[in-house]
Amino acid sequence: MDILFTCPINQKRNYIPPSFQGKIPAISNANIRKITKDDFLEVLNSGLSVSQNCSKLNVSETKYYKLLKGFDIKTQRMKTIERNLTITKEQIQDLLNAGKKYNEILKELNITADTYNGLLLKYNIKTELMRSKEKISNITKEQIEELLQSGKKVKEICAILNIPEKTYTRLINKFGIITERKKSKIHLASITAEKLQKLVDNKLSVSEICENLKINKEAFYKLLKQLDIKYDYQHHYNEILIPERVLRTAAGLNKTTRETAEDLNIAVTTYHQKTKAAHVPTLLRNSIDNIALVSRDELQQAVNSGLTIKQICEKFKIKRTNYKALIEKYNISTPQRDAIARNAGITAEQFLTLSKSGKAVKEICNELGISESTYRRLKRKFIEQSPLNCLV
């Protein structure tokens, strides 16, 4: 005979289904584990994540945070959040006004990059980098195309838009603008090895090949190297034999190497080869010889004697660029290099402190060991420009 189990409405909580074969466990306070503060701290200091701590304590995350609050325990994260909340808008602005860099601000405030960006957003502070990004985002494709169509060069466009060349390149790629330089690159990429090899096999001169492919000589030699094509230079060399007297006359015109090579209708490398083979002195070869003769001690002695750069160049028969290269190579101590190193050591705090001290400009210059023109430069850098970088 089947037994029918019923469950009255008012007894639903005590209802046990017929299929339940086991026993009902007795619920008592003894079955609930009591977690002490010491137990909690031991797990908390083990370096595990919150979920791992909960698993170890056998509690839910809600219970975990209740225990934190009940035991009045502050985790490192909570301490960091509390410390970050104490950072004021004035603190950040003061650091920006002092000319502090991004990494210096993070180190001084002991915060992460995400926290710093969050504070800038919270206080609505705009740094120079943010202003720069906003300015760049306002540049349109039409602006750049209009400047290119007017015949402006890259440097001129960058000066007009007040952006660096790297940013200009990024914008060109972003807008998909095809410049003349890009067209040239695309055209060079379209020249196959087979096409160039065919022209070379026909024993055409460099000028004829360049005219056929609509490229310059520099691009031609670059393609030979990229496409690994052998060119019979001897064939072309025989066609353009240049007498020694012609080479000497051309070398004595005080023109640049490139200009002389173009006058002779040959490549720069060919010009060097021919002048070297004919033992013809050129400006470049003379310059190299003169540079090799200048020793470190001689150059340092000339600098210490108080001669100007022009006088030193005339003495050693070298150019200003050669002088600079030798200064870098020998690491020569010059008044200019010493001044640059000294000026680089002047901090914003040091300069601002002296500026606010009420001292005259000459006194400040004497104290810092700088000229008045350098003082004005530092003033623009530390006082006139910096506050503008962090205006709200």
# chains A, B, ... in the order shown; residues from 1 in each chain; ligands from 1
>>> residues_around(residues="Lys217 in chain A", least_positions_apart="5", cutoff="10 Å", atoms="only C-alpha atoms", output="list in words")
Val206, Ser207, Ile209, Cys210, Glu211, Lys222, Leu223, Ile266, Ala267 and Val268 of chain A
>>> atom_distance(atom1="CA of Thr256 in chain A", atom2="CA of Leu283 in chain A")
8.0 Å
>>> residues_around(residues="range 135-142 of chain A", least_positions_apart="4", cutoff="12 Å", atoms="only C-alpha atoms", output="list in words")
Glu128, Leu129, Met130, Arg131, Glu146, Leu147, Leu148, Gln149, Ile157, Cys158, Ile160, Leu161, Asn162, Ile163, Pro164, Lys166, Thr167, Tyr168, Arg170, Leu171, Ile172, Asn173, Lys174, Phe175, Gly176, Ile177 and Ile178 of chain A
>>> write_last_selection(atoms="C-alpha atoms", output="JSON list (two decimals), in the first residue's frame")
[["chain", "number", "residue", "atom", "x", "y", "z"],
["A", 128, "GLU", "CA", 51.34, 70.08, -21.92],
["A", 129, "LEU", "CA", 51.16, 66.52, -23.31],
["A", 130, "MET", "CA", 47.35, 66.56, -23.14],
["A", 131, "ARG", "CA", 47.24, 69.98, -24.82],
["A", 146, "GLU", "CA", 46.14, 72.09, -48.71],
["A", 147, "LEU", "CA", 49.68, 72.75, -47.44],
["A", 148, "LEU", "CA", 51.11, 70.00, -49.66],
["A", 149, "GLN", "CA", 49.28, 71.35, -52.72],
["A", 157, "ILE", "CA", 54.42, 72.20, -42.82],
["A", 158, "CYS", "CA", 55.67, 71.08, -39.38],
["A", 160, "ILE", "CA", 53.10, 75.95, -39.59],
["A", 161, "LEU", "CA", 51.24, 73.20, -37.68],
["A", 162, "ASN", "CA", 53.75, 73.41, -34.78],
["A", 163, "ILE", "CA", 54.32, 69.65, -34.69],
["A", 164, "PRO", "CA", 57.46, 67.45, -34.91],
["A", 166, "LYS", "CA", 57.41, 62.18, -36.43],
["A", 167, "THR", "CA", 53.89, 63.44, -35.69],
["A", 168, "TYR", "CA", 53.58, 64.64, -39.29],
["A", 170, "ARG", "CA", 51.94, 59.55, -38.22],
["A", 171, "LEU", "CA", 49.21, 61.92, -39.45],
["A", 172, "ILE", "CA", 50.12, 61.23, -43.08],
["A", 173, "ASN", "CA", 49.77, 57.48, -42.46],
["A", 174, "LYS", "CA", 46.59, 57.97, -40.43],
["A", 175, "PHE", "CA", 44.84, 60.01, -43.15],
["A", 176, "GLY", "CA", 46.23, 57.84, -45.96],
["A", 177, "ILE", "CA", 47.70, 60.85, -47.78],
["A", 178, "ILE", "CA", 49.94, 59.94, -50.73]]
>>> closest_residue(among="A:Ala98, A:Ile92, A:Leu307, A:Val246", to="Leu352 in chain A", atoms="only C-alpha atoms")
A:Ala98
>>> residues_around(residues="Gln197 in chain A", least_positions_apart="5", cutoff="9 Å", atoms="only C-alpha atoms", output="list in words")
Thr192, Asn202, Ile229, Lys230 and Tyr231 of chain A
>>> select_by_dssp(residues="range 2-230 of chain A", states="helix (DSSP H, G or I)", output="NGL selection string")
:A and (9-14 or 29-31 or 37-44 or 50-57 or 61-70 or 76-85 or 89-97 or 102-109 or 113-123 or 128-137 or 141-149 or 154-161 or 165-175 or 180-190 or 193-201 or 206-213 or 217-226)
>>> closest_residue(among="A:Asn84, A:Arg285, A:Asp114, A:Ile332", to="Ile318 in chain A", atoms="only C-alpha atoms")
A:Arg285
>>> closest_residue(among="A:Phe382, A:Phe220, A:Tyr323, A:Tyr375", to="Ala193 in chain A", atoms="only C-alpha atoms")
A:Phe220
>>> residues_around(residues="Leu299 in chain A", least_positions_apart="5", cutoff="9 Å", atoms="only C-alpha atoms", output="number ranges by chain")
A: 294, 304, 312, 316, 326-327, 330, 332
>>> write_last_selection(atoms="C-alpha atoms", output="compact mmCIF listing (two decimals), in the first residue's frame")
# COMPACT_ATOMS: atom_id res chain seq x y z
CA VAL A 294 95.10 67.46 -35.69
CA ASN A 304 92.61 77.06 -24.02
CA ILE A 312 90.92 77.47 -34.83
CA PHE A 316 94.17 73.71 -38.75
CA LEU A 326 86.97 66.51 -33.30
CA ILE A 327 85.67 68.16 -30.12
CA TYR A 330 88.55 63.88 -28.24
CA ILE A 332 87.67 68.42 -25.47
>>> residues_around(residues="Glu42 in chain A", least_positions_apart="6", cutoff="12 Å", atoms="only C-alpha atoms", output="list in words")
Ile35, Thr36, Leu48, Asn53, Lys56 and Leu57 of chain A
>>> atom_distance(atom1="CA of Ile364 in chain A", atom2="CA of Arg337 in chain A")
21.0 Å
>>> atom_distance(atom1="CA of Lys225 in chain A", atom2="CA of Lys195 in chain A")
14.7 Å
>>> closest_residue(among="A:Val361, A:Val43, A:Ala348, A:Ile191", to="Lys101 in chain A", atoms="only C-alpha atoms")
A:Ala348
>>> decode(residues="range 257-356 of chain A", atoms="C-alpha atoms", output="PDB file, in the first residue's frame")
ATOM      1  CA  THR A 257      81.525  66.959 -54.295  1.00  0.00           C
ATOM      2  CA  ARG A 258      77.946  66.422 -55.452  1.00  0.00           C
ATOM      3  CA  GLU A 259      77.967  69.578 -57.597  1.00  0.00           C
ATOM      4  CA  THR A 260      81.283  68.595 -59.215  1.00  0.00           C
ATOM      5  CA  ALA A 261      80.025  65.059 -59.927  1.00  0.00           C
ATOM      6  CA  GLU A 262      76.851  66.461 -61.514  1.00  0.00           C
ATOM      7  CA  ASP A 263      78.948  68.806 -63.699  1.00  0.00           C
ATOM      8  CA  LEU A 264      80.933  65.781 -64.926  1.00  0.00           C
ATOM      9  CA  ASN A 265      77.716  63.753 -65.296  1.00  0.00           C
ATOM     10  CA  ILE A 266      78.952  60.944 -63.069  1.00  0.00           C
ATOM     11  CA  ALA A 267      78.011  59.519 -59.678  1.00  0.00           C
ATOM     12  CA  VAL A 268      79.677  60.807 -56.508  1.00  0.00           C
ATOM     13  CA  THR A 269      81.293  57.408 -55.890  1.00  0.00           C
ATOM     14  CA  THR A 270      82.648  57.375 -59.458  1.00  0.00           C
ATOM     15  CA  TYR A 271      84.086  60.871 -58.950  1.00  0.00           C
ATOM     16  CA  HIS A 272      85.906  59.706 -55.805  1.00  0.00           C
ATOM     17  CA  GLN A 273      87.246  56.627 -57.601  1.00  0.00           C
ATOM     18  CA  LYS A 274      88.538  58.637 -60.579  1.00  0.00           C
ATOM     19  CA  THR A 275      90.177  61.388 -58.488  1.00  0.00           C
ATOM     20  CA  LYS A 276      91.790  58.792 -56.246  1.00  0.00           C
ATOM     21  CA  ALA A 277      93.104  56.804 -59.247  1.00  0.00           C
ATOM     22  CA  ALA A 278      94.471  60.007 -60.860  1.00  0.00           C
ATOM     23  CA  HIS A 279      95.907  61.283 -57.518  1.00  0.00           C
ATOM     24  CA  VAL A 280      93.865  64.487 -57.883  1.00  0.00           C
ATOM     25  CA  PRO A 281      93.532  66.407 -54.581  1.00  0.00           C
ATOM     26  CA  THR A 282      89.920  67.298 -53.728  1.00  0.00           C
ATOM     27  CA  LEU A 283      88.345  69.320 -50.936  1.00  0.00           C
ATOM     28  CA  LEU A 284      87.137  66.156 -49.249  1.00  0.00           C
ATOM     29  CA  ARG A 285      90.494  64.374 -49.466  1.00  0.00           C
ATOM     30  CA  ASN A 286      92.365  67.477 -48.267  1.00  0.00           C
ATOM     31  CA  SER A 287      89.896  67.899 -45.429  1.00  0.00           C
ATOM     32  CA  ILE A 288      90.337  64.267 -44.357  1.00  0.00           C
ATOM     33  CA  ASP A 289      94.118  64.645 -44.441  1.00  0.00           C
ATOM     34  CA  ASN A 290      93.975  67.871 -42.436  1.00  0.00           C
ATOM     35  CA  ILE A 291      91.683  66.327 -39.808  1.00  0.00           C
ATOM     36  CA  ALA A 292      94.041  63.357 -39.394  1.00  0.00           C
ATOM     37  CA  LEU A 293      96.911  65.746 -38.606  1.00  0.00           C
ATOM     38  CA  VAL A 294      95.101  67.457 -35.692  1.00  0.00           C
ATOM     39  CA  SER A 295      96.028  65.886 -32.363  1.00  0.00           C
ATOM     40  CA  ARG A 296      94.057  66.098 -29.123  1.00  0.00           C
ATOM     41  CA  ASP A 297      96.733  68.088 -27.295  1.00  0.00           C
ATOM     42  CA  GLU A 298      97.047  70.618 -30.135  1.00  0.00           C
ATOM     43  CA  LEU A 299      93.297  71.151 -30.275  1.00  0.00           C
ATOM     44  CA  GLN A 300      92.955  71.493 -26.483  1.00  0.00           C
ATOM     45  CA  GLN A 301      95.843  73.982 -26.454  1.00  0.00           C
ATOM     46  CA  ALA A 302      94.191  76.049 -29.205  1.00  0.00           C
ATOM     47  CA  VAL A 303      90.885  76.106 -27.279  1.00  0.00           C
ATOM     48  CA  ASN A 304      92.614  77.061 -24.017  1.00  0.00           C
ATOM     49  CA  SER A 305      94.479  79.905 -25.754  1.00  0.00           C
ATOM     50  CA  GLY A 306      91.179  81.746 -26.246  1.00  0.00           C
ATOM     51  CA  LEU A 307      91.013  81.497 -30.035  1.00  0.00           C
ATOM     52  CA  THR A 308      87.560  81.647 -31.623  1.00  0.00           C
ATOM     53  CA  ILE A 309      86.150  78.646 -33.493  1.00  0.00           C
ATOM     54  CA  LYS A 310      86.753  80.448 -36.793  1.00  0.00           C
ATOM     55  CA  GLN A 311      90.399  81.104 -35.888  1.00  0.00           C
ATOM     56  CA  ILE A 312      90.921  77.471 -34.828  1.00  0.00           C
ATOM     57  CA  CYS A 313      89.404  76.228 -38.110  1.00  0.00           C
ATOM     58  CA  GLU A 314      91.687  78.546 -40.087  1.00  0.00           C
ATOM     59  CA  LYS A 315      94.715  77.424 -38.085  1.00  0.00           C
ATOM     60  CA  PHE A 316      94.169  73.706 -38.754  1.00  0.00           C
ATOM     61  CA  LYS A 317      92.569  74.262 -42.208  1.00  0.00           C
ATOM     62  CA  ILE A 318      89.379  72.431 -41.272  1.00  0.00           C
ATOM     63  CA  LYS A 319      85.675  73.248 -41.445  1.00  0.00           C
ATOM     64  CA  ARG A 320      83.412  74.087 -38.514  1.00  0.00           C
ATOM     65  CA  THR A 321      81.717  70.666 -38.818  1.00  0.00           C
ATOM     66  CA  ASN A 322      85.154  69.005 -38.620  1.00  0.00           C
ATOM     67  CA  TYR A 323      85.938  71.102 -35.530  1.00  0.00           C
ATOM     68  CA  LYS A 324      82.731  69.931 -33.817  1.00  0.00           C
ATOM     69  CA  ALA A 325      83.449  66.312 -34.758  1.00  0.00           C
ATOM     70  CA  LEU A 326      86.972  66.511 -33.300  1.00  0.00           C
ATOM     71  CA  ILE A 327      85.674  68.157 -30.118  1.00  0.00           C
ATOM     72  CA  GLU A 328      83.249  65.240 -29.652  1.00  0.00           C
ATOM     73  CA  LYS A 329      85.845  62.622 -30.635  1.00  0.00           C
ATOM     74  CA  TYR A 330      88.547  63.881 -28.238  1.00  0.00           C
ATOM     75  CA  ASN A 331      85.998  65.005 -25.590  1.00  0.00           C
ATOM     76  CA  ILE A 332      87.671  68.423 -25.469  1.00  0.00           C
ATOM     77  CA  SER A 333      86.688  70.790 -22.672  1.00  0.00           C
ATOM     78  CA  THR A 334      85.467  74.086 -24.190  1.00  0.00           C
ATOM     79  CA  PRO A 335      83.819  77.129 -22.552  1.00  0.00           C
ATOM     80  CA  GLN A 336      80.612  76.386 -24.459  1.00  0.00           C
ATOM     81  CA  ARG A 337      80.457  72.726 -23.405  1.00  0.00           C
ATOM     82  CA  ASP A 338      81.259  73.643 -19.799  1.00  0.00           C
ATOM     83  CA  ALA A 339      78.502  76.278 -19.828  1.00  0.00           C
ATOM     84  CA  ILE A 340      75.975  73.796 -21.224  1.00  0.00           C
ATOM     85  CA  ALA A 341      76.865  71.254 -18.535  1.00  0.00           C
ATOM     86  CA  ARG A 342      76.641  73.944 -15.835  1.00  0.00           C
ATOM     87  CA  ASN A 343      73.281  75.237 -17.101  1.00  0.00           C
ATOM     88  CA  ALA A 344      71.878  71.698 -17.250  1.00  0.00           C
ATOM     89  CA  GLY A 345      72.609  71.343 -13.534  1.00  0.00           C
ATOM     90  CA  ILE A 346      70.385  74.298 -12.597  1.00  0.00           C
ATOM     91  CA  THR A 347      67.065  72.960 -11.280  1.00  0.00           C
ATOM     92  CA  ALA A 348      63.678  74.642 -11.436  1.00  0.00           C
ATOM     93  CA  GLU A 349      63.508  74.871  -7.629  1.00  0.00           C
ATOM     94  CA  GLN A 350      66.924  76.539  -7.434  1.00  0.00           C
ATOM     95  CA  PHE A 351      66.054  79.068 -10.140  1.00  0.00           C
ATOM     96  CA  LEU A 352      62.583  79.833  -8.737  1.00  0.00           C
ATOM     97  CA  THR A 353      63.977  80.294  -5.218  1.00  0.00           C
ATOM     98  CA  LEU A 354      66.526  82.867  -6.434  1.00  0.00           C
ATOM     99  CA  SER A 355      63.926  84.614  -8.626  1.00  0.00           C
ATOM    100  CA  LYS A 356      61.587  85.050  -5.646  1.00  0.00           C
TER     101      LYS A 356
END
